[in-house]
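Containing compact mmCIF, C-alpha atoms and all ligand atoms: coords28.txt.
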```
# COMPACT_ATOMS: atom_id res chain seq x y z
CA MET R 1342 -73.91 -59.44 34.17
CA ASP R 1343 -73.77 -56.17 36.12
CA ILE R 1344 -73.99 -56.52 39.87
CA SER R 1345 -74.18 -53.88 42.61
CA LEU R 1346 -71.54 -53.23 45.23
CA LYS R 1347 -73.72 -54.94 47.83
CA GLN R 1348 -74.22 -58.01 45.64
CA ALA R 1349 -70.45 -58.22 45.05
CA VAL R 1350 -69.76 -58.08 48.80
CA ASP R 1351 -72.46 -60.69 49.55
CA LEU R 1352 -71.15 -63.07 46.88
CA LEU R 1353 -67.57 -62.71 48.14
CA LYS R 1354 -68.68 -63.33 51.74
CA ASN R 1355 -70.40 -66.48 50.46
CA GLU R 1356 -67.08 -67.72 49.03
CA GLN R 1357 -68.05 -66.97 45.43
CA VAL R 1358 -65.88 -65.44 42.71
CA VAL R 1359 -66.78 -62.08 41.12
CA ALA R 1360 -65.08 -59.89 38.53
CA LEU R 1361 -64.43 -56.33 39.60
CA ALA R 1362 -62.72 -53.20 38.38
CA THR R 1363 -59.36 -52.12 39.73
CA GLU R 1364 -57.49 -49.06 38.46
CA THR R 1365 -55.31 -51.29 36.23
CA VAL R 1366 -57.36 -54.14 34.71
CA TYR R 1367 -60.38 -56.15 35.86
CA GLY R 1368 -59.66 -58.74 38.54
CA LEU R 1369 -61.29 -62.07 39.32
CA ALA R 1370 -61.77 -61.61 43.04
CA ALA R 1371 -62.28 -64.03 45.91
CA SER R 1372 -61.70 -64.06 49.65
CA ALA R 1373 -58.02 -64.80 50.29
CA PHE R 1374 -59.17 -67.04 53.16
CA SER R 1375 -61.48 -69.25 51.11
CA PRO R 1376 -59.74 -72.36 49.68
CA LYS R 1377 -62.96 -73.18 47.82
CA ALA R 1378 -63.17 -69.81 46.04
CA ILE R 1379 -59.42 -69.85 45.30
CA ASN R 1380 -59.75 -73.26 43.64
CA GLN R 1381 -62.63 -71.88 41.63
CA ILE R 1382 -60.40 -69.05 40.36
CA TYR R 1383 -57.74 -71.49 39.16
CA THR R 1384 -60.40 -73.59 37.43
CA LEU R 1385 -62.19 -70.64 35.81
CA LYS R 1386 -58.97 -69.15 34.47
CA ASN R 1387 -57.46 -72.54 33.59
CA ARG R 1388 -54.48 -71.22 35.52
CA PRO R 1389 -51.55 -73.50 36.39
CA GLN R 1390 -51.34 -74.05 40.18
CA GLN R 1391 -47.72 -72.89 40.24
CA ASN R 1392 -48.72 -69.34 39.28
CA PRO R 1393 -49.41 -67.50 42.56
CA LEU R 1394 -52.03 -64.81 43.15
CA ILE R 1395 -51.79 -61.21 44.35
CA VAL R 1396 -53.35 -60.48 47.74
CA HIS R 1397 -55.24 -57.16 47.68
CA VAL R 1398 -55.38 -55.31 50.99
CA TYR R 1399 -57.16 -52.16 52.12
CA ASP R 1400 -54.08 -50.41 53.52
CA VAL R 1401 -50.50 -50.75 54.73
CA GLN R 1402 -51.58 -51.70 58.27
CA GLU R 1403 -53.48 -54.66 56.94
CA CYS R 1404 -50.50 -55.78 54.87
CA LEU R 1405 -48.28 -55.67 57.97
CA LYS R 1406 -50.55 -58.27 59.62
CA TYR R 1407 -49.38 -60.82 57.05
CA ALA R 1408 -46.00 -59.68 55.75
CA LEU R 1409 -42.48 -58.97 56.97
CA PRO R 1410 -41.29 -56.16 54.70
CA PRO R 1411 -37.86 -54.49 54.66
CA GLU R 1412 -37.55 -51.00 56.17
CA SER R 1413 -37.69 -49.18 52.82
CA PHE R 1414 -41.22 -50.55 52.21
CA ALA R 1415 -42.67 -47.65 54.23
CA GLN R 1416 -41.19 -44.96 51.96
CA LEU R 1417 -42.49 -46.72 48.87
CA THR R 1418 -46.01 -47.25 50.14
CA GLU R 1419 -46.13 -43.64 51.31
CA VAL R 1420 -45.81 -42.59 47.66
CA PHE R 1421 -47.40 -45.43 45.69
CA TRP R 1422 -50.17 -46.96 47.87
CA PRO R 1423 -53.04 -47.04 47.19
CA GLY R 1424 -52.04 -47.52 43.56
CA PRO R 1425 -50.70 -49.90 40.91
CA LEU R 1426 -47.60 -51.16 42.75
CA THR R 1427 -47.42 -54.78 43.96
CA CYS R 1428 -44.73 -55.80 46.47
CA ILE R 1429 -43.46 -59.34 46.89
CA LEU R 1430 -42.78 -59.78 50.58
CA PRO R 1431 -41.90 -62.63 52.95
CA VAL R 1432 -45.05 -63.82 54.74
CA LYS R 1433 -45.46 -64.42 58.45
CA ASP R 1434 -45.86 -68.10 59.35
CA ASP R 1435 -48.59 -69.58 57.22
CA CYS R 1436 -51.01 -66.68 57.61
CA ILE R 1437 -51.60 -66.67 53.85
CA LEU R 1438 -52.89 -69.95 52.39
CA PRO R 1439 -50.17 -71.90 50.51
CA GLN R 1440 -52.39 -72.22 47.42
CA VAL R 1441 -52.48 -68.40 47.14
CA ARG R 1442 -48.68 -68.17 46.97
CA ALA R 1443 -47.91 -71.43 45.12
CA ASN R 1444 -46.15 -72.67 48.28
CA LEU R 1445 -43.54 -69.91 48.05
CA PRO R 1446 -42.31 -68.31 51.31
CA THR R 1447 -43.30 -64.96 49.81
CA CYS R 1448 -46.59 -63.40 48.75
CA ALA R 1449 -47.44 -60.53 46.41
CA PHE R 1450 -49.37 -57.67 48.10
CA ARG R 1451 -51.17 -54.80 46.44
CA CYS R 1452 -53.31 -51.96 47.78
CA PRO R 1453 -55.50 -50.85 44.84
CA SER R 1454 -56.78 -47.29 44.40
CA HIS R 1455 -59.96 -47.82 42.36
CA PRO R 1456 -62.90 -46.64 44.50
CA LEU R 1457 -65.01 -49.73 43.68
CA ILE R 1458 -62.54 -52.34 44.90
CA ARG R 1459 -61.72 -50.11 47.87
CA GLU R 1460 -65.40 -50.08 48.86
CA VAL R 1461 -65.44 -53.87 48.58
CA LEU R 1462 -62.20 -54.25 50.59
CA ARG R 1463 -63.70 -52.14 53.33
CA GLU R 1464 -66.34 -54.88 53.75
CA ILE R 1465 -64.30 -57.98 53.02
CA SER R 1466 -60.52 -58.16 52.97
CA PRO R 1467 -58.03 -59.43 51.94
CA LEU R 1468 -59.01 -60.48 48.43
CA VAL R 1469 -57.04 -62.41 45.86
CA ALA R 1470 -57.55 -60.97 42.38
CA PRO R 1471 -55.70 -62.21 39.33
CA SER R 1472 -56.50 -60.49 36.06
CA ALA R 1473 -59.96 -61.51 34.78
CA ASN R 1474 -58.98 -63.48 31.69
CA ILE R 1475 -58.33 -67.04 30.61
CA SER R 1476 -54.73 -67.83 31.56
CA GLY R 1477 -52.23 -66.73 28.91
CA ARG R 1478 -54.72 -64.50 27.08
CA PRO R 1479 -55.04 -60.67 27.11
CA SER R 1480 -56.35 -59.18 30.36
CA SER R 1481 -59.81 -57.59 30.58
CA THR R 1482 -60.28 -53.83 30.53
CA LYS R 1483 -64.03 -53.82 29.76
CA LYS R 1484 -67.08 -55.68 31.03
CA GLU R 1485 -67.53 -57.21 27.55
CA HIS R 1486 -64.11 -58.85 27.79
CA ILE R 1487 -65.17 -60.72 30.93
CA GLU R 1488 -68.45 -61.77 29.35
CA ASN R 1489 -66.51 -63.03 26.37
CA ASP R 1490 -64.22 -65.18 28.56
CA PHE R 1491 -66.59 -66.32 31.32
CA GLY R 1492 -70.10 -65.94 29.87
CA LYS R 1493 -72.85 -63.30 29.93
CA ASP R 1494 -74.09 -64.39 33.37
CA PHE R 1495 -70.77 -63.98 35.13
CA PRO R 1496 -71.11 -61.34 37.92
CA VAL R 1497 -69.19 -58.14 37.17
CA LEU R 1498 -68.81 -55.04 39.33
CA ALA R 1499 -68.01 -52.71 36.44
CA SER R 1500 -66.29 -49.34 36.39
CA SER R 1501 -67.96 -46.45 34.59
CA ASN R 1502 -64.52 -45.00 33.81
CA ALA R 1503 -61.74 -46.38 31.63
CA LEU R 1504 -58.98 -48.25 33.45
CA LEU R 1505 -55.23 -47.66 33.08
CA GLY R 1506 -55.21 -50.81 30.97
CA ILE R 1507 -51.88 -52.30 32.09
CA GLU R 1508 -51.36 -54.41 35.21
CA SER R 1509 -49.59 -53.22 38.34
CA THR R 1510 -45.81 -53.11 38.48
CA ILE R 1511 -44.49 -55.96 40.66
CA ILE R 1512 -41.36 -55.39 42.72
CA ALA R 1513 -39.29 -57.68 44.95
CA TYR R 1514 -36.52 -56.89 47.44
CA GLN R 1515 -33.25 -58.67 46.68
CA GLN R 1516 -29.72 -57.97 47.95
CA GLU R 1517 -30.79 -54.76 49.70
CA LYS R 1518 -32.46 -53.34 46.60
CA TRP R 1519 -35.90 -53.33 45.03
CA CYS R 1520 -36.07 -54.83 41.58
CA ILE R 1521 -38.88 -55.16 39.05
CA ALA R 1522 -40.36 -58.65 38.68
CA ARG R 1523 -43.07 -57.49 36.26
CA GLN R 1524 -43.12 -54.17 34.44
CA GLY R 1525 -46.43 -52.40 34.75
CA ALA R 1526 -48.39 -49.19 35.20
CA ILE R 1527 -45.63 -47.54 37.25
CA SER R 1528 -42.54 -47.05 35.12
CA GLN R 1529 -38.97 -47.91 36.06
CA GLN R 1530 -38.19 -44.16 35.92
CA ALA R 1531 -41.04 -43.27 38.28
CA LEU R 1532 -39.69 -45.78 40.80
CA GLU R 1533 -36.14 -44.51 40.33
CA LYS R 1534 -37.24 -41.01 41.33
CA HIS R 1535 -38.31 -42.24 44.75
CA LEU R 1536 -35.75 -44.99 45.33
CA GLY R 1537 -32.72 -42.95 44.32
CA TYR R 1538 -31.51 -45.81 42.10
CA LEU R 1539 -32.81 -47.46 38.92
CA PRO R 1540 -34.51 -50.71 39.97
CA GLU R 1541 -33.22 -53.58 37.84
CA ILE R 1542 -35.74 -55.45 35.70
CA ILE R 1543 -35.37 -59.11 36.61
CA SER R 1544 -38.37 -60.60 34.81
CA THR R 1545 -36.47 -62.09 31.91
CA LYS R 1546 -33.23 -62.95 33.69
CA THR R 1547 -33.97 -64.46 37.07
CA ILE R 1548 -36.82 -66.80 37.83
CA ILE R 1549 -38.28 -65.88 41.20
CA CYS R 1550 -41.62 -67.52 40.52
CA PRO R 1551 -42.42 -70.42 38.13
CA GLY R 1552 -45.46 -68.51 36.78
CA GLN R 1553 -43.11 -66.06 35.07
CA LEU R 1554 -42.26 -68.66 32.43
CA LEU R 1555 -45.82 -69.06 31.25
CA LYS R 1556 -47.32 -67.55 28.13
CA HIS R 1557 -48.98 -64.17 28.80
CA TYR R 1558 -51.24 -61.55 27.18
CA ALA R 1559 -51.41 -63.38 23.81
CA PRO R 1560 -54.34 -63.28 21.41
CA LYS R 1561 -54.98 -66.29 19.14
CA ALA R 1562 -53.86 -64.11 16.20
CA LYS R 1563 -50.17 -64.49 15.40
CA LEU R 1564 -48.50 -61.10 15.83
CA GLN R 1565 -45.58 -59.93 13.75
CA LEU R 1566 -43.74 -57.04 15.36
CA SER R 1567 -42.62 -54.59 12.69
CA THR R 1568 -40.74 -51.30 12.48
CA ASN R 1569 -41.97 -50.93 8.91
CA ALA R 1570 -45.71 -51.43 9.42
CA SER R 1571 -46.65 -48.46 7.20
CA GLN R 1572 -45.75 -50.69 4.25
CA ALA R 1573 -47.50 -53.82 5.55
CA SER R 1574 -50.15 -55.29 3.28
CA GLY R 1575 -52.01 -57.40 5.86
CA TYR R 1576 -53.89 -56.51 9.04
CA VAL R 1577 -52.17 -53.88 11.17
CA VAL R 1578 -52.24 -52.87 14.82
CA GLY R 1579 -51.15 -49.24 14.64
CA TYR R 1580 -51.66 -45.59 15.58
CA SER R 1581 -54.31 -43.01 14.69
CA ASP R 1582 -51.76 -40.38 13.64
CA ARG R 1583 -50.16 -42.64 11.00
CA LEU R 1584 -51.12 -43.91 7.57
CA TYR R 1585 -51.07 -47.57 6.57
CA PRO R 1586 -52.01 -47.34 2.89
CA GLN R 1587 -51.54 -51.04 2.09
CA ALA R 1588 -53.33 -52.42 5.15
CA LYS R 1589 -56.47 -54.57 4.88
CA LYS R 1590 -57.74 -53.14 8.15
CA VAL R 1591 -56.10 -51.16 10.96
CA PHE R 1592 -56.74 -51.74 14.68
CA LEU R 1593 -56.01 -48.44 16.37
CA LEU R 1594 -54.20 -48.15 19.69
CA GLY R 1595 -54.47 -44.34 19.82
CA LYS R 1596 -51.95 -41.64 18.98
CA SER R 1597 -48.34 -42.81 18.84
CA SER R 1598 -47.41 -39.88 21.10
CA ASP R 1599 -49.88 -40.90 23.84
CA PRO R 1600 -48.65 -43.93 25.84
CA ASP R 1601 -51.58 -43.63 28.29
CA ALA R 1602 -54.09 -44.07 25.46
CA ILE R 1603 -52.07 -46.93 23.98
CA SER R 1604 -52.04 -48.69 27.39
CA MET R 1605 -55.77 -48.17 27.79
CA ASN R 1606 -56.55 -49.68 24.38
CA LEU R 1607 -53.92 -52.40 24.21
CA TYR R 1608 -55.88 -55.46 25.42
CA ASP R 1609 -59.08 -54.28 23.72
CA MET R 1610 -57.28 -54.22 20.35
CA LEU R 1611 -55.58 -57.59 20.90
CA ARG R 1612 -58.99 -59.05 21.76
CA ALA R 1613 -60.56 -57.33 18.72
CA LEU R 1614 -58.21 -59.29 16.44
CA ASP R 1615 -59.67 -62.53 17.75
CA ALA R 1616 -63.24 -61.20 17.66
CA HIS R 1617 -62.67 -60.53 13.92
CA GLN R 1618 -61.03 -63.98 13.56
CA ILE R 1619 -57.91 -62.45 12.12
CA PRO R 1620 -55.16 -65.08 11.83
CA ASN R 1621 -52.17 -62.75 11.78
CA ALA R 1622 -51.41 -59.07 12.11
CA PHE R 1623 -48.45 -56.71 11.92
CA VAL R 1624 -47.87 -54.53 14.99
CA ASP R 1625 -46.32 -51.11 14.44
CA MET R 1626 -43.36 -51.06 16.87
CA ASP R 1627 -41.99 -47.70 15.73
CA ILE R 1628 -42.52 -46.07 19.13
CA PRO R 1629 -39.98 -44.69 21.61
CA ARG R 1630 -38.23 -47.11 23.98
CA THR R 1631 -38.60 -44.82 26.96
CA ASP R 1632 -40.58 -44.55 30.21
CA LYS R 1633 -44.22 -45.71 29.81
CA TYR R 1634 -43.56 -47.13 26.35
CA ILE R 1635 -41.20 -49.74 27.82
CA THR R 1636 -44.05 -51.68 29.44
CA ILE R 1637 -46.18 -51.44 26.29
CA ILE R 1638 -43.30 -52.86 24.24
CA GLU R 1639 -42.79 -55.67 26.76
CA ARG R 1640 -46.50 -56.61 26.61
CA LEU R 1641 -46.47 -56.64 22.80
CA GLU R 1642 -43.33 -58.76 22.75
CA ARG R 1643 -44.89 -61.27 25.16
CA ALA R 1644 -48.17 -61.23 23.20
CA ALA R 1645 -46.25 -62.10 20.02
CA LEU R 1646 -44.51 -65.19 21.46
O1 LIG R 1701 -52.88 -54.96 38.21
C1 LIG R 1701 -52.82 -56.11 38.69
O2 LIG R 1701 -51.85 -56.50 39.36
C2 LIG R 1701 -53.99 -57.04 38.43
C3 LIG R 1701 -55.23 -56.46 39.12
C4 LIG R 1701 -56.46 -57.31 38.91
O3 LIG R 1701 -54.98 -56.25 40.48
N1 LIG R 1701 -53.72 -58.38 38.86
C5 LIG R 1701 -52.85 -59.21 38.21
O4 LIG R 1701 -52.77 -60.49 38.74
O5 LIG R 1701 -52.22 -58.86 37.25
P1 LIG R 1701 -52.20 -61.74 37.90
O6 LIG R 1701 -52.52 -62.91 38.77
O7 LIG R 1701 -52.77 -61.74 36.56
O8 LIG R 1701 -50.67 -61.53 37.89
C6 LIG R 1701 -49.95 -61.69 39.09
C7 LIG R 1701 -48.53 -62.03 38.84
C8 LIG R 1701 -48.37 -63.44 38.34
O9 LIG R 1701 -47.81 -63.43 37.05
C9 LIG R 1701 -47.46 -64.10 39.33
O10 LIG R 1701 -46.50 -64.84 38.67
C10 LIG R 1701 -46.86 -62.94 40.13
O11 LIG R 1701 -47.84 -61.95 40.09
N2 LIG R 1701 -46.68 -63.32 41.55
C11 LIG R 1701 -47.63 -63.50 42.47
N3 LIG R 1701 -47.10 -63.89 43.65
C12 LIG R 1701 -45.77 -63.92 43.48
C13 LIG R 1701 -44.67 -64.26 44.32
N4 LIG R 1701 -44.84 -64.63 45.58
N5 LIG R 1701 -43.43 -64.19 43.79
C14 LIG R 1701 -43.26 -63.79 42.49
N6 LIG R 1701 -44.25 -63.48 41.65
C15 LIG R 1701 -45.51 -63.55 42.12
MG MG R 1702 -52.73 -61.92 34.53
```

Let's see the structure in the file written out as structure tokens.
Ligand code: TXA
Ligand code: MG
Amino acid sequence: MDISLKQAVDLLKNEQVVALATETVYGLAASAFSPKAINQIYTLKNRPQQNPLIVHVYDVQECLKYALPPESFAQLTEVFWPGPLTCILPVKDDCILPQVRANLPTCAFRCPSHPLIREVLREISPLVAPSANISGRPSSTKKEHIENDFGKDFPVLASSNALLGIESTIIAYQQEKWCIARQGAISQQALEKHLGYLPEIISTKTIICPGQLLKHYAPKAKLQLSTNASQASGYVVGYSDRLYPQAKKVFLLGKSSDPDAISMNLYDMLRALDAHQIPNAFVDMDIPRTDKYITIIERLERAAL
């Protein structure tokens, strides 16, 4: 159900949960200071308690009220905030509720750039906002996705524009260097340009948060990743500039040369498989393993587990 900006702010001030657009994917937002609303988020999403939430702040100054970042944080936020970069930082004594950060001594902070959530944050901040989906399932990039997961009456502050479609990149500071805890909308190469070194991807090697181990982004359909999908005779998730002559039906992600379009359509197509009750599908993985494609490949690999 569409709600106005004012309704969203009023609901959040009354410790309710609302879905709202960010520049990456839709979030399920609540006041970071409301234990009641935070519990409601975990219940709605069926999210395990050990999977912590991202705290969304209006600006760097606000983040510094709660966090103790390393020096190099300032250079990064100068370039990437507001925007799809989340930083895991040590928190000042107990100023962020333990249930937000799964009792960890750190908390994930993000300063989003979408004008809608920024308007909301101007009125009520900080907000926790995990992706607006049932835990383990594909994230939501359209109002319909939220209605599908949480019902037609669930309040949504919807964006009139398409979102980037892939979650924020999460980084953590370890042994004097930033490393990537979750690949996302900002590529490893884009970070390298500003850091002067290639940040290591730690998501599959080192466990810095128990939530990392959980299933993510997966539709009910069983996905088979294939480099030979043009010959596949079942259902296919593929690209608009390719032919799949044997396929029963093709779910299009966009042109294979356009990683932005593929990102934008990714969760919509994974959800479409389930909407069509398709039990299994081949995914065309014949795409470059560079820059923005790396996150897309990681999401598809996780979705196929
Ligand atoms: O783009 C995004 O980041 C979206 C939009 C809505 O802002 N949000 C999002 O939140 O993707 P969520 O909850 O779906 O994913 C947050 C991830 C979790 O997988 C969690 O494990 C990790 O952040 N995380 C949160 N706090 C952490 C911490 N203190 N240490 C390590 N990982 C953490
Ligand atoms: Mg999520």

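Computed from the coordinates, the atom CA of R:Gly1424 to atom CA of R:Val1441 distance equals 21.2 Å.
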
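Closest approach to R:Ser1581 among R:Gly1595, R:Pro1629, R:Pro1425, R:Pro1431: R:Gly1595, based on only C-alpha atoms.
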
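For the pair atom CA of R:Ala1378 and atom CA of R:Glu1356, the separation is 5.3 Å.
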
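Counting only C-alpha atoms and all ligand atoms and comparing R:Pro1389, R:Gly1477, R:Gly1575, R:Pro1410, the residue that lies closest to ligand MG 1702 (chain R) is R:Gly1477.
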
R:Ile1637 surroundings by only C-alpha atoms, 12 Å radius, close-in-sequence under 6 positions cut, as a ChimeraX atom specification | /R:1505-1508,1524-1528,1558,1594,1597,1599-1608,1624-1631,1643-1644
